[in-house]
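This is structure20.csv (CSV, C-alpha atoms).
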chain,number,residue,atom,x,y,z
Q,1,MET,CA,-106.6,-174.1,-138.6
Q,2,ALA,CA,-103.9,-172.5,-136.5
Q,3,ILE,CA,-102.6,-170.2,-139.2
Q,4,PRO,CA,-104.9,-167.2,-139.6
Q,5,GLY,CA,-106.2,-166.8,-143.2
Q,6,ALA,CA,-105.2,-170.4,-144.2
Q,7,ILE,CA,-107.5,-171.8,-146.9
Q,8,ASP,CA,-105.8,-175.1,-147.7
Q,9,ALA,CA,-102.9,-177.1,-146.2
Q,10,LEU,CA,-101.2,-180.2,-147.5
Q,11,VAL,CA,-98.2,-182.3,-146.4
Q,12,LEU,CA,-96.6,-184.1,-149.4
Q,13,ASP,CA,-93.8,-186.5,-150.0
Q,14,HIS,CA,-91.5,-184.7,-152.4
Q,15,ASN,CA,-89.7,-187.6,-154.0
Q,16,SER,CA,-92.8,-189.5,-154.9
Q,17,GLY,CA,-95.2,-186.5,-155.2
Q,18,MET,CA,-97.7,-188.3,-152.9
Q,19,ALA,CA,-100.1,-186.5,-150.6
Q,20,VAL,CA,-99.5,-187.5,-147.0
Q,21,ALA,CA,-102.1,-185.4,-145.2
Q,22,ALA,CA,-104.5,-182.7,-146.3
Q,23,GLY,CA,-107.0,-180.2,-144.9
Q,24,GLY,CA,-109.0,-177.2,-145.9
Q,25,SER,CA,-111.4,-176.2,-148.6
Q,26,GLY,CA,-111.4,-179.5,-150.5
Q,27,THR,CA,-109.2,-179.3,-153.6
Q,28,ASP,CA,-108.2,-182.8,-154.7
Q,29,PRO,CA,-105.1,-183.5,-152.5
Q,30,GLU,CA,-103.7,-186.3,-154.8
Q,31,TYR,CA,-103.7,-184.1,-157.8
Q,32,SER,CA,-102.5,-181.0,-155.9
Q,33,ALA,CA,-99.6,-182.9,-154.2
Q,34,ALA,CA,-98.2,-184.1,-157.5
Q,35,ALA,CA,-98.5,-180.6,-159.1
Q,36,LEU,CA,-97.1,-178.8,-156.1
Q,37,SER,CA,-94.2,-181.2,-155.8
Q,38,GLU,CA,-93.4,-180.5,-159.5
Q,39,THR,CA,-93.6,-176.8,-158.8
Q,40,LEU,CA,-91.1,-177.0,-156.0
Q,41,ARG,CA,-88.8,-179.3,-158.1
Q,42,VAL,CA,-88.8,-176.9,-161.1
Q,43,MET,CA,-88.2,-173.9,-158.8
Q,44,THR,CA,-85.3,-175.6,-157.0
Q,45,ASP,CA,-83.8,-176.6,-160.4
Q,46,GLY,CA,-84.1,-173.1,-161.6
Q,47,ILE,CA,-82.4,-171.6,-158.5
Q,48,ALA,CA,-79.7,-174.2,-158.6
Q,49,GLN,CA,-79.0,-173.4,-162.3
Q,50,THR,CA,-78.7,-169.7,-161.6
Q,51,SER,CA,-76.5,-170.2,-158.5
Q,52,SER,CA,-72.8,-169.7,-159.2
Q,53,GLY,CA,-71.7,-172.6,-157.1
Q,54,GLY,CA,-72.4,-175.0,-154.3
Q,55,THR,CA,-75.6,-176.7,-153.4
Q,56,VAL,CA,-79.1,-175.1,-153.0
Q,57,ARG,CA,-81.3,-175.7,-149.9
Q,58,ILE,CA,-84.8,-174.2,-150.1
Q,59,GLU,CA,-85.9,-172.9,-146.6
Q,60,ASP,CA,-89.2,-171.6,-147.7
Q,61,MET,CA,-90.8,-170.9,-151.1
Q,62,ILE,CA,-93.4,-168.2,-151.3
Q,63,VAL,CA,-95.5,-167.5,-154.3
Q,64,VAL,CA,-97.9,-164.6,-154.4
Q,65,SER,CA,-100.8,-165.0,-156.8
Q,66,ASP,CA,-104.0,-163.1,-157.3
Q,67,ARG,CA,-105.7,-165.9,-155.3
Q,68,GLY,CA,-103.4,-165.6,-152.3
Q,69,TYR,CA,-100.1,-166.6,-150.8
Q,70,HIS,CA,-98.7,-170.1,-151.4
Q,71,LEU,CA,-96.1,-171.2,-148.8
Q,72,PHE,CA,-93.9,-174.2,-149.2
Q,73,ARG,CA,-91.7,-175.5,-146.5
Q,74,PRO,CA,-89.5,-178.6,-147.1
Q,75,LEU,CA,-88.7,-180.7,-144.1
Q,76,GLU,CA,-85.6,-182.9,-144.0
Q,77,THR,CA,-86.3,-186.3,-142.7
Q,78,ARG,CA,-84.1,-189.2,-141.6
Q,79,PHE,CA,-85.9,-191.5,-144.0
Q,80,ASP,CA,-86.2,-190.7,-147.7
Q,81,GLY,CA,-88.2,-187.4,-148.0
Q,82,PRO,CA,-88.1,-184.5,-147.8
Q,83,LEU,CA,-91.7,-183.9,-146.7
Q,84,VAL,CA,-93.1,-180.6,-147.8
Q,85,ILE,CA,-95.7,-178.5,-145.9
Q,86,TYR,CA,-97.8,-176.4,-148.3
Q,87,VAL,CA,-100.2,-173.7,-147.1
Q,88,HIS,CA,-102.5,-171.6,-149.2
Q,89,LEU,CA,-103.4,-168.3,-147.5
Q,90,ASP,CA,-106.1,-165.7,-148.2
Q,91,LEU,CA,-104.5,-162.6,-149.6
Q,92,GLU,CA,-106.7,-160.2,-147.5
Q,93,ARG,CA,-107.1,-162.1,-144.2
Q,94,SER,CA,-103.6,-163.4,-143.7
Q,95,ASN,CA,-100.3,-162.0,-142.4
Q,96,LEU,CA,-97.4,-163.5,-144.3
Q,97,ALA,CA,-94.8,-162.9,-141.6
Q,98,LEU,CA,-96.9,-164.5,-138.9
Q,99,ALA,CA,-97.8,-167.4,-141.2
Q,100,ARG,CA,-94.1,-168.1,-141.9
Q,101,HIS,CA,-93.3,-167.9,-138.2
Q,102,LEU,CA,-96.2,-170.3,-137.3
Q,103,LEU,CA,-95.2,-172.7,-140.1
Q,104,HIS,CA,-91.7,-172.9,-138.7
Q,105,SER,CA,-92.9,-173.7,-135.3
Q,106,ILE,CA,-95.4,-176.3,-136.6
Q,107,SER,CA,-92.6,-178.0,-138.6
Q,108,SER,CA,-90.3,-178.1,-135.6
Q,109,ARG,CA,-93.1,-179.8,-133.6
Q,110,LEU,CA,-93.6,-182.5,-136.4
Q,111,ASP,CA,-90.6,-184.4,-134.9
Q,112,MET,CA,-89.4,-185.7,-138.2
U,1,MET,CA,-107.9,-214.9,-161.5
U,2,PRO,CA,-109.5,-211.8,-160.0
U,3,ALA,CA,-107.2,-208.8,-159.7
U,4,LEU,CA,-105.6,-208.2,-156.3
U,5,ASP,CA,-107.5,-204.9,-155.7
U,6,SER,CA,-110.9,-206.5,-156.2
U,7,LEU,CA,-110.0,-209.3,-153.7
U,8,LEU,CA,-108.9,-206.5,-151.3
U,9,SER,CA,-112.1,-204.6,-151.8
U,10,GLY,CA,-114.0,-207.8,-150.9
U,11,LEU,CA,-112.0,-208.3,-147.8
U,12,ALA,CA,-112.6,-204.6,-146.9
U,13,LEU,CA,-116.4,-205.2,-147.1
U,14,GLU,CA,-116.1,-208.3,-144.8
U,15,ARG,CA,-114.0,-206.1,-142.4
U,16,ALA,CA,-111.5,-208.9,-142.4
U,17,THR,CA,-108.3,-209.0,-140.2
U,18,GLY,CA,-105.4,-211.0,-141.4
U,19,ALA,CA,-102.8,-211.4,-144.1
U,20,LEU,CA,-103.4,-211.9,-147.9
U,21,ARG,CA,-100.4,-213.8,-149.1
U,22,VAL,CA,-99.5,-213.4,-152.8
U,23,GLY,CA,-97.2,-216.4,-153.3
U,24,ARG,CA,-93.7,-215.5,-152.5
U,25,LEU,CA,-94.1,-212.1,-154.0
U,26,GLY,CA,-95.6,-210.3,-151.0
U,27,THR,CA,-98.3,-210.0,-148.4
U,28,VAL,CA,-101.0,-207.5,-147.7
U,29,PHE,CA,-102.0,-207.0,-144.0
U,30,LEU,CA,-105.5,-206.0,-143.1
U,31,SER,CA,-107.0,-204.9,-139.9
U,32,ASP,CA,-110.8,-204.6,-139.7
U,33,GLY,CA,-111.0,-204.5,-143.5
U,34,ARG,CA,-108.4,-201.7,-143.9
U,35,VAL,CA,-105.0,-202.2,-145.3
U,36,THR,CA,-102.4,-201.5,-142.6
U,37,TYR,CA,-99.2,-202.6,-144.3
U,38,ILE,CA,-97.9,-204.3,-147.5
U,39,GLU,CA,-94.6,-206.0,-148.1
U,40,CYS,CA,-93.2,-207.1,-151.5
U,41,SER,CA,-90.0,-208.9,-152.4
U,42,ALA,CA,-89.4,-206.5,-155.3
U,43,SER,CA,-89.5,-203.3,-153.2
U,44,THR,CA,-87.2,-202.1,-150.4
U,45,ARG,CA,-87.8,-203.9,-147.1
U,46,LEU,CA,-89.1,-201.7,-144.2
U,47,GLU,CA,-86.1,-203.1,-142.2
U,48,ASP,CA,-83.7,-201.6,-144.8
U,49,VAL,CA,-85.5,-198.2,-144.6
U,50,LEU,CA,-85.4,-198.2,-140.8
U,51,THR,CA,-81.8,-199.1,-140.5
U,52,ALA,CA,-80.6,-196.8,-143.3
U,53,ASP,CA,-79.3,-193.9,-141.2
U,54,GLY,CA,-77.7,-196.2,-138.5
U,55,ARG,CA,-79.7,-195.1,-135.5
U,56,VAL,CA,-82.0,-198.2,-135.5
U,57,THR,CA,-79.7,-201.2,-135.2
U,58,GLU,CA,-80.3,-204.8,-136.2
U,59,ASN,CA,-80.6,-205.7,-132.4
U,60,ALA,CA,-83.2,-203.0,-131.9
U,61,LEU,CA,-85.1,-204.4,-134.9
U,62,ARG,CA,-85.0,-207.9,-133.5
U,63,ARG,CA,-86.5,-206.6,-130.3
U,64,ALA,CA,-89.2,-204.8,-132.2
U,65,HIS,CA,-90.1,-208.1,-134.0
U,66,LYS,CA,-90.7,-209.5,-130.6
U,67,ASP,CA,-92.2,-206.6,-128.6
U,68,GLY,CA,-93.8,-204.6,-131.4
U,69,ALA,CA,-92.8,-201.4,-133.2
U,70,ALA,CA,-93.7,-199.3,-130.2
U,71,SER,CA,-90.5,-200.5,-128.5
U,72,LEU,CA,-88.5,-198.5,-131.2
U,73,VAL,CA,-90.3,-195.3,-130.1
U,74,GLU,CA,-89.9,-196.1,-126.4
U,75,GLN,CA,-86.2,-196.6,-126.8
U,76,GLY,CA,-86.0,-193.2,-128.4
U,77,LEU,CA,-84.7,-194.5,-131.7
U,78,LEU,CA,-87.3,-192.8,-133.7
U,79,THR,CA,-90.4,-190.7,-133.2
U,80,ARG,CA,-93.9,-191.9,-133.7
U,81,ALA,CA,-94.2,-189.6,-136.7
U,82,GLU,CA,-91.1,-191.2,-138.2
U,83,LEU,CA,-92.4,-194.7,-137.6
U,84,GLN,CA,-95.7,-193.7,-139.3
U,85,TYR,CA,-93.9,-192.1,-142.2
U,86,CYS,CA,-91.7,-195.2,-142.7
U,87,ALA,CA,-94.9,-197.4,-142.7
U,88,LEU,CA,-96.5,-195.1,-145.3
U,89,ILE,CA,-93.6,-195.0,-147.7
U,90,SER,CA,-92.8,-198.7,-147.4
U,91,THR,CA,-96.4,-199.7,-148.0
U,92,MET,CA,-96.9,-197.4,-151.0
U,93,ASP,CA,-93.7,-198.8,-152.4
U,94,ALA,CA,-94.7,-202.4,-152.0
U,95,ALA,CA,-98.2,-201.7,-153.4
U,96,PHE,CA,-96.7,-200.3,-156.5
U,97,PHE,CA,-95.0,-203.6,-157.3
U,98,LEU,CA,-97.5,-206.0,-155.7
U,99,LEU,CA,-100.9,-204.7,-156.8
U,100,PRO,CA,-100.3,-205.4,-160.6
U,101,ALA,CA,-99.2,-209.0,-159.8
U,102,ARG,CA,-101.2,-211.7,-161.6
U,103,SER,CA,-98.8,-214.6,-161.2
U,104,ALA,CA,-99.6,-216.2,-157.9
U,105,ARG,CA,-102.9,-217.3,-156.4
U,106,PRO,CA,-103.5,-215.1,-153.3
U,107,ARG,CA,-104.4,-216.9,-150.1
U,108,PHE,CA,-105.9,-215.2,-147.1
U,109,VAL,CA,-104.7,-216.2,-143.6
U,110,PRO,CA,-107.2,-214.8,-141.0
U,111,GLY,CA,-105.8,-213.3,-137.9
U,112,GLU,CA,-102.2,-213.1,-139.1
U,113,ARG,CA,-100.5,-209.8,-138.1
U,114,HIS,CA,-97.3,-208.0,-138.9
U,115,TRP,CA,-94.9,-207.0,-136.1
U,116,LEU,CA,-95.2,-203.3,-137.2
U,117,GLY,CA,-98.8,-203.2,-136.1
U,118,PRO,CA,-101.2,-200.7,-137.6
U,119,GLN,CA,-99.4,-197.4,-138.1
U,120,TRP,CA,-101.4,-196.0,-141.0
U,121,TYR,CA,-104.7,-197.1,-142.7
U,122,PHE,CA,-105.0,-197.3,-146.4
U,123,GLU,CA,-108.1,-197.4,-148.6
U,124,VAL,CA,-107.8,-199.9,-151.5
U,125,ALA,CA,-109.2,-197.4,-154.0
U,126,GLY,CA,-106.7,-194.8,-152.8
U,127,LEU,CA,-103.8,-197.3,-153.2
U,128,VAL,CA,-104.8,-198.2,-156.7
U,129,ARG,CA,-105.1,-194.5,-157.7
U,130,GLU,CA,-101.7,-193.6,-156.3
U,131,CYS,CA,-100.1,-196.6,-158.0
U,132,GLY,CA,-101.6,-195.5,-161.3
U,133,ARG,CA,-100.3,-191.9,-160.8
U,134,ARG,CA,-96.9,-193.2,-160.0
U,135,ARG,CA,-96.8,-195.4,-163.1
U,136,ALA,CA,-97.8,-192.4,-165.3
U,137,GLU,CA,-95.1,-190.3,-163.6
U,138,LEU,CA,-92.4,-192.9,-164.5
U,139,GLU,CA,-93.7,-193.0,-168.0
U,140,ARG,CA,-93.5,-189.2,-168.1
U,141,ALA,CA,-89.9,-189.0,-166.8
U,142,TRP,CA,-88.6,-191.4,-169.4
U,143,SER,CA,-90.9,-193.8,-171.2
U,144,SER,CA,-88.5,-196.8,-171.6
U,145,THR,CA,-88.2,-199.7,-169.1
U,146,GLU,CA,-84.8,-200.5,-170.6
U,147,LEU,CA,-82.8,-199.5,-167.5
U,148,ASP,CA,-85.2,-200.6,-164.8
U,149,ASN,CA,-83.6,-204.0,-164.2
U,150,VAL,CA,-80.0,-203.6,-165.4
U,151,PRO,CA,-76.9,-202.3,-163.5
U,152,VAL,CA,-76.8,-198.5,-163.3
U,153,VAL,CA,-73.8,-197.3,-165.2
U,154,PRO,CA,-73.2,-193.5,-165.3
U,155,VAL,CA,-71.6,-192.1,-168.5
U,156,ARG,CA,-67.9,-191.3,-168.2
U,157,ARG,CA,-68.3,-187.8,-169.6
U,158,LEU,CA,-71.2,-185.3,-169.1
U,159,PRO,CA,-73.1,-184.6,-172.3
U,160,GLY,CA,-72.7,-180.9,-171.4
U,161,ASP,CA,-70.8,-178.6,-169.1
U,162,ARG,CA,-73.0,-178.6,-166.1
U,163,VAL,CA,-75.7,-180.6,-164.5
U,164,VAL,CA,-78.3,-180.2,-161.7
U,165,LEU,CA,-78.9,-183.2,-159.5
U,166,THR,CA,-81.2,-183.9,-156.7
U,167,SER,CA,-79.7,-185.3,-153.5
U,168,LEU,CA,-81.1,-188.8,-154.3
U,169,GLN,CA,-79.7,-188.7,-157.8
U,170,TRP,CA,-76.3,-187.7,-156.3
U,171,GLU,CA,-76.4,-190.7,-153.9
U,172,LEU,CA,-77.3,-193.0,-156.7
U,173,LEU,CA,-74.4,-191.9,-158.9
U,174,VAL,CA,-72.0,-192.2,-155.9
U,175,GLN,CA,-73.3,-195.7,-155.1
U,176,ALA,CA,-73.4,-197.0,-158.7
U,177,ASP,CA,-70.7,-199.6,-158.9
U,178,ARG,CA,-71.7,-200.7,-162.5
U,179,GLU,CA,-73.1,-203.9,-161.0
U,180,ALA,CA,-76.0,-202.8,-158.8
U,181,THR,CA,-79.5,-202.5,-160.4
U,182,PRO,CA,-81.8,-199.7,-159.4
U,183,LEU,CA,-83.6,-202.0,-156.9
U,184,ASP,CA,-80.2,-203.1,-155.4
U,185,LEU,CA,-79.3,-199.5,-155.0
U,186,ALA,CA,-82.6,-198.8,-153.3
U,187,ARG,CA,-82.0,-201.5,-150.8
U,188,ARG,CA,-78.4,-200.4,-150.2
U,189,LEU,CA,-79.6,-196.8,-149.5
U,190,GLY,CA,-82.7,-197.7,-147.6
U,191,ARG,CA,-84.8,-195.7,-150.1
U,192,PRO,CA,-88.1,-196.8,-151.6
U,193,ALA,CA,-87.6,-198.7,-154.8
U,194,TYR,CA,-90.1,-196.5,-156.7
U,195,THR,CA,-88.3,-193.2,-155.9
U,196,VAL,CA,-85.0,-194.8,-156.9
U,197,LEU,CA,-86.6,-196.0,-160.2
U,198,LEU,CA,-88.0,-192.6,-160.9
U,199,ALA,CA,-84.6,-191.0,-160.2
U,200,VAL,CA,-82.9,-193.5,-162.5
U,201,ARG,CA,-85.4,-192.7,-165.3
U,202,GLN,CA,-84.7,-189.0,-164.8
U,203,LEU,CA,-81.0,-189.6,-165.0
U,204,ALA,CA,-81.5,-191.6,-168.1
U,205,ALA,CA,-83.6,-188.8,-169.6
U,206,ALA,CA,-80.8,-186.4,-168.9
U,207,GLY,CA,-78.4,-188.6,-170.8
U,208,LEU,CA,-76.3,-189.4,-167.7
U,209,LEU,CA,-76.6,-193.2,-167.8
U,210,VAL,CA,-75.2,-195.6,-170.3
U,211,ARG,CA,-78.0,-197.2,-172.4
U,212,VAL,CA,-78.2,-200.9,-172.9
U,213,ALA,CA,-78.8,-200.9,-176.6
U,214,PRO,CA,-78.3,-197.3,-177.8
U,215,VAL,CA,-78.5,-198.3,-181.5
U,216,ALA,CA,-81.6,-200.5,-181.5
U,217,GLU,CA,-83.5,-197.9,-179.4
U,218,ARG,CA,-82.6,-194.9,-181.4
U,219,PRO,CA,-85.8,-193.1,-182.2
U,220,SER,CA,-86.6,-193.4,-185.9
U,221,LEU,CA,-87.8,-190.5,-188.0
U,222,PRO,CA,-91.6,-190.3,-188.0
U,223,ARG,CA,-92.8,-192.6,-190.7
U,224,ARG,CA,-94.7,-191.1,-193.6
U,225,ILE,CA,-98.2,-192.5,-193.4
U,226,LYS,CA,-99.5,-193.7,-196.8
U,227,THR,CA,-103.0,-192.5,-197.4
U,228,GLU,CA,-105.3,-193.4,-200.3
U,229,LEU,CA,-106.7,-190.4,-202.0
U,230,PRO,CA,-110.4,-190.6,-202.2
U,231,ALA,CA,-111.6,-191.5,-205.7
U,232,GLU,CA,-114.1,-188.7,-205.6
U,233,PRO,CA,-114.1,-185.6,-203.5
U,234,ALA,CA,-115.8,-186.3,-200.3
U,235,GLN,CA,-117.6,-183.1,-200.4
U,236,PRO,CA,-119.1,-182.7,-204.0
U,237,TYR,CA,-119.1,-179.3,-205.5
U,238,GLU,CA,-122.3,-177.3,-205.5
U,239,PRO,CA,-124.3,-177.9,-208.7
U,240,THR,CA,-123.3,-175.3,-211.2
U,241,ASP,CA,-125.7,-172.5,-211.8
U,242,LEU,CA,-126.1,-172.5,-215.6
U,243,ASP,CA,-127.7,-169.1,-215.6
U,244,VAL,CA,-124.6,-167.6,-214.0
U,245,LEU,CA,-122.3,-169.3,-216.5
U,246,LEU,CA,-124.4,-167.9,-219.4
U,247,ARG,CA,-124.4,-164.4,-218.1
U,248,LEU,CA,-120.6,-164.7,-217.5
U,249,ARG,CA,-120.0,-165.8,-221.1
U,250,LYS,CA,-122.2,-163.0,-222.3
U,251,ALA,CA,-120.2,-160.4,-220.3
U,252,LEU,CA,-116.9,-161.8,-221.6
U,253,GLU,CA,-118.1,-161.6,-225.2
U,254,GLU,CA,-119.1,-158.0,-224.7
U,255,LEU,CA,-115.6,-157.2,-223.4
U,256,ALA,CA,-113.9,-158.7,-226.4
Rewritten as structure tokens:
Amino acid sequence: MAIPGAIDALVLDHNSGMAVAAGGSGTDPEYSAAALSETLRVMTDGIAQTSSGGTVRIEDMIVVSDRGYHLFRPLETRFDGPLVIYVHLDLERSNLALARHLLHSISSRLDM
Amino acid sequence: MPALDSLLSGLALERATGALRVGRLGTVFLSDGRVTYIECSASTRLEDVLTADGRVTENALRRAHKDGAASLVEQGLLTRAELQYCALISTMDAAFFLLPARSARPRFVPGERHWLGPQWYFEVAGLVRECGRRRAELERAWSSTELDNVPVVPVRRLPGDRVVLTSLQWELLVQADREATPLDLARRLGRPAYTVLLAVRQLAAAGLLVRVAPVAERPSLPRRIKTELPAEPAQPYEPTDLDVLLRLRKALEELA
């Protein structure tokens, strides 16, 4: 995988909670996609409710757990969507700033 | 009649190429045993998804029907990834409505192909699992089918001061003309029917849509369940130790 320290990666369709593509250590992508989609939805709702006004657009969501970094990057598409790239990084072996940078360049190459 | 997914599993084993027509309801296209595309009259048509943002025109679509879907990419109207994504969401959407169908007798037409060509390959078991998950998700959002097939009518006043909407929910409320059903709105917006149905159920759960029969559907108080008391205790008491009783009586008499 191109991002150093990446353990799992998943592309999911946010509106339906469906796994589109998966790679990595072999967690069940269908289950993960639905759960991660829900995570992003709840977080977005929470941020929206605490914002004083206007709309909320999530650029990146980063969760740091004892098991590593969890990066979410929603991608706007012309059709339905958004698609979301999710990457799970090893806490010790990864560099968060580099990973975010790489994730941005990967998402711009996806051509959606 | 065998379920559609078992028929498809059979065709997968035979590595069949062609179209499985399910009456007028829809068609499953296979290539070398793998499902490549599904269309269904209940779900949003791929053409409506493709033309939704206006860049792909009806003319370009007609050309694609003749020359294949690659012509859309060659004309620069959409990228290959976008074409694949549209094939994926349209097929999953159609599968959701077509796979549970039991009404029509399916008929396999060997060699028939769809103009889209293979953009994505689906395993039958994976399709069935994903459809099951989607059904459970609908149920979880709001467990009634009451608003699935009737016009979407937003309430005139919010049941609170503020509300959080997703972009899709916003589009639905803007488009709702009190006549269009969720599936009509899906077609109009070029969005998959399932995601619209899910958004409508979420709006209903938030109390933002007018219910069809609010009185009849009002949840009743949990009913008291009548239970017969067992005639004898299920667990009989331990046999009394006479010796203990006698000693107890003796102790009480001594106290008096």
Please report, as CSV, each residue of chain Q lying at most 7 Å from chain U, together with the nearest pair of atoms and the separation in Å rounded to one decimal; use all atoms listed in the file, and order rows by chain and ascending residue number.
residue,atom,partner,partner_atom,distance
Q:Asn15,CA,U:Thr195,CA,6.1
Q:Ser16,CA,U:Thr195,CA,5.9
Q:Asp45,CA,U:Val164,CA,6.7
Q:Ala48,CA,U:Val164,CA,6.9
Q:Gln49,CA,U:Val164,CA,6.9
Q:Arg78,CA,U:Asp53,CA,6.7
Q:Phe79,CA,U:Val49,CA,6.7
Q:Asp80,CA,U:Arg191,CA,5.7
Q:Asp111,CA,U:Thr79,CA,6.5
Q:Met112,CA,U:Glu82,CA,5.8
So what do you get for atom CA of Gly26 of chain Q versus atom CA of Asp32 of chain U, distance-wise? 27.3 Å
Near Thr145 of chain U, counting all atoms listed in the file, which residues have an atom at most 12 Å away, once you skip same-chain residues fewer than 3 positions from it, shown as number ranges by chain? U: 135, 138-142, 148-150, 182, 197-198, 200-201, 204-205, 211-212, 217
Within 8 Å of Ala42 of chain U, counting all atoms listed in the file, which residues qualify if same-chain residues fewer than 3 places away don't, as number ranges by chain? U: 25, 94, 97, 183
Selection near segment 91-106 of chain Q, 8 Å with only C-alpha atoms, sequence-local residues under 5 positions removed, as a PyMOL selection string: chain Q and resi 3-6+66-69+71+73
Once you have the residues from the selection above, write them out as a PDB file, keeping the file's coordinate frame, restricted to C-alpha atoms.
ATOM      1  CA  ILE Q   3    -102.600-170.200-139.200  1.00  0.00           C
ATOM      2  CA  PRO Q   4    -104.900-167.200-139.600  1.00  0.00           C
ATOM      3  CA  GLY Q   5    -106.200-166.800-143.200  1.00  0.00           C
ATOM      4  CA  ALA Q   6    -105.200-170.400-144.200  1.00  0.00           C
ATOM      5  CA  ASP Q  66    -104.000-163.100-157.300  1.00  0.00           C
ATOM      6  CA  ARG Q  67    -105.700-165.900-155.300  1.00  0.00           C
ATOM      7  CA  GLY Q  68    -103.400-165.600-152.300  1.00  0.00           C
ATOM      8  CA  TYR Q  69    -100.100-166.600-150.800  1.00  0.00           C
ATOM      9  CA  LEU Q  71     -96.100-171.200-148.800  1.00  0.00           C
ATOM     10  CA  ARG Q  73     -91.700-175.500-146.500  1.00  0.00           C
TER      11      ARG Q  73
END
What does the distance from atom CA of Ala64 of chain U to atom CA of Leu127 of chain U come to in Å, to one decimal? 26.7 Å
Quick one: distance from atom CA of Arg15 of chain U to atom CA of Arg34 of chain U in Å, one decimal?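 According to the coordinates, atom CA of Arg15 of chain U and atom CA of Arg34 of chain U are separated by 7.3 Å.
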Give me, as a list in words, all polymer residues having an atom no more than 8 Å from Gly81 of chain Q, counting all atoms listed in the file and skipping those fewer than 6 positions away in the same chain.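 Selected residues are Asp13, His14, Asn15 and Leu75 of chain Q.
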U:Asp184, U:Asp241, U:Glu47, U:Glu253 ranked by distance to Ala69 of chain U, top pick (using all atoms listed in the file):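 Checking each candidate against Ala69 of chain U, we get U:Glu47 as the closest.
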Name the closest residue to Asp90 of chain Q among the candidates Q:Ser107, Q:Thr77, Q:Ser37, Q:Ser65; distances are taken between atoms, counting only C-alpha atoms. Q:Ser65
Given only C-alpha atoms as the counted atoms, nearest of U:Thr27, U:Thr57, U:Gln119, U:Thr44 to Leu185 of chain U: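 Among the listed residues, U:Thr44 lies closest to Leu185 of chain U.
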Identify which of the residues Q:Ile58, Q:Val64, Q:Val11, Q:Ala19 lies closest to Leu40 of chain Q, counting all atoms listed in the file when measuring atom-to-atom distances.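 The shortest atom-to-atom distance to Leu40 of chain Q comes from Q:Ile58.
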I'd like the contact shell of Ala22 of chain Q - 8 Å cut-off, all atoms listed in the file, skipping same-chain residues fewer than 4 positions apart - returned as a VMD selection string. chain Q and resid 8 to 11 29
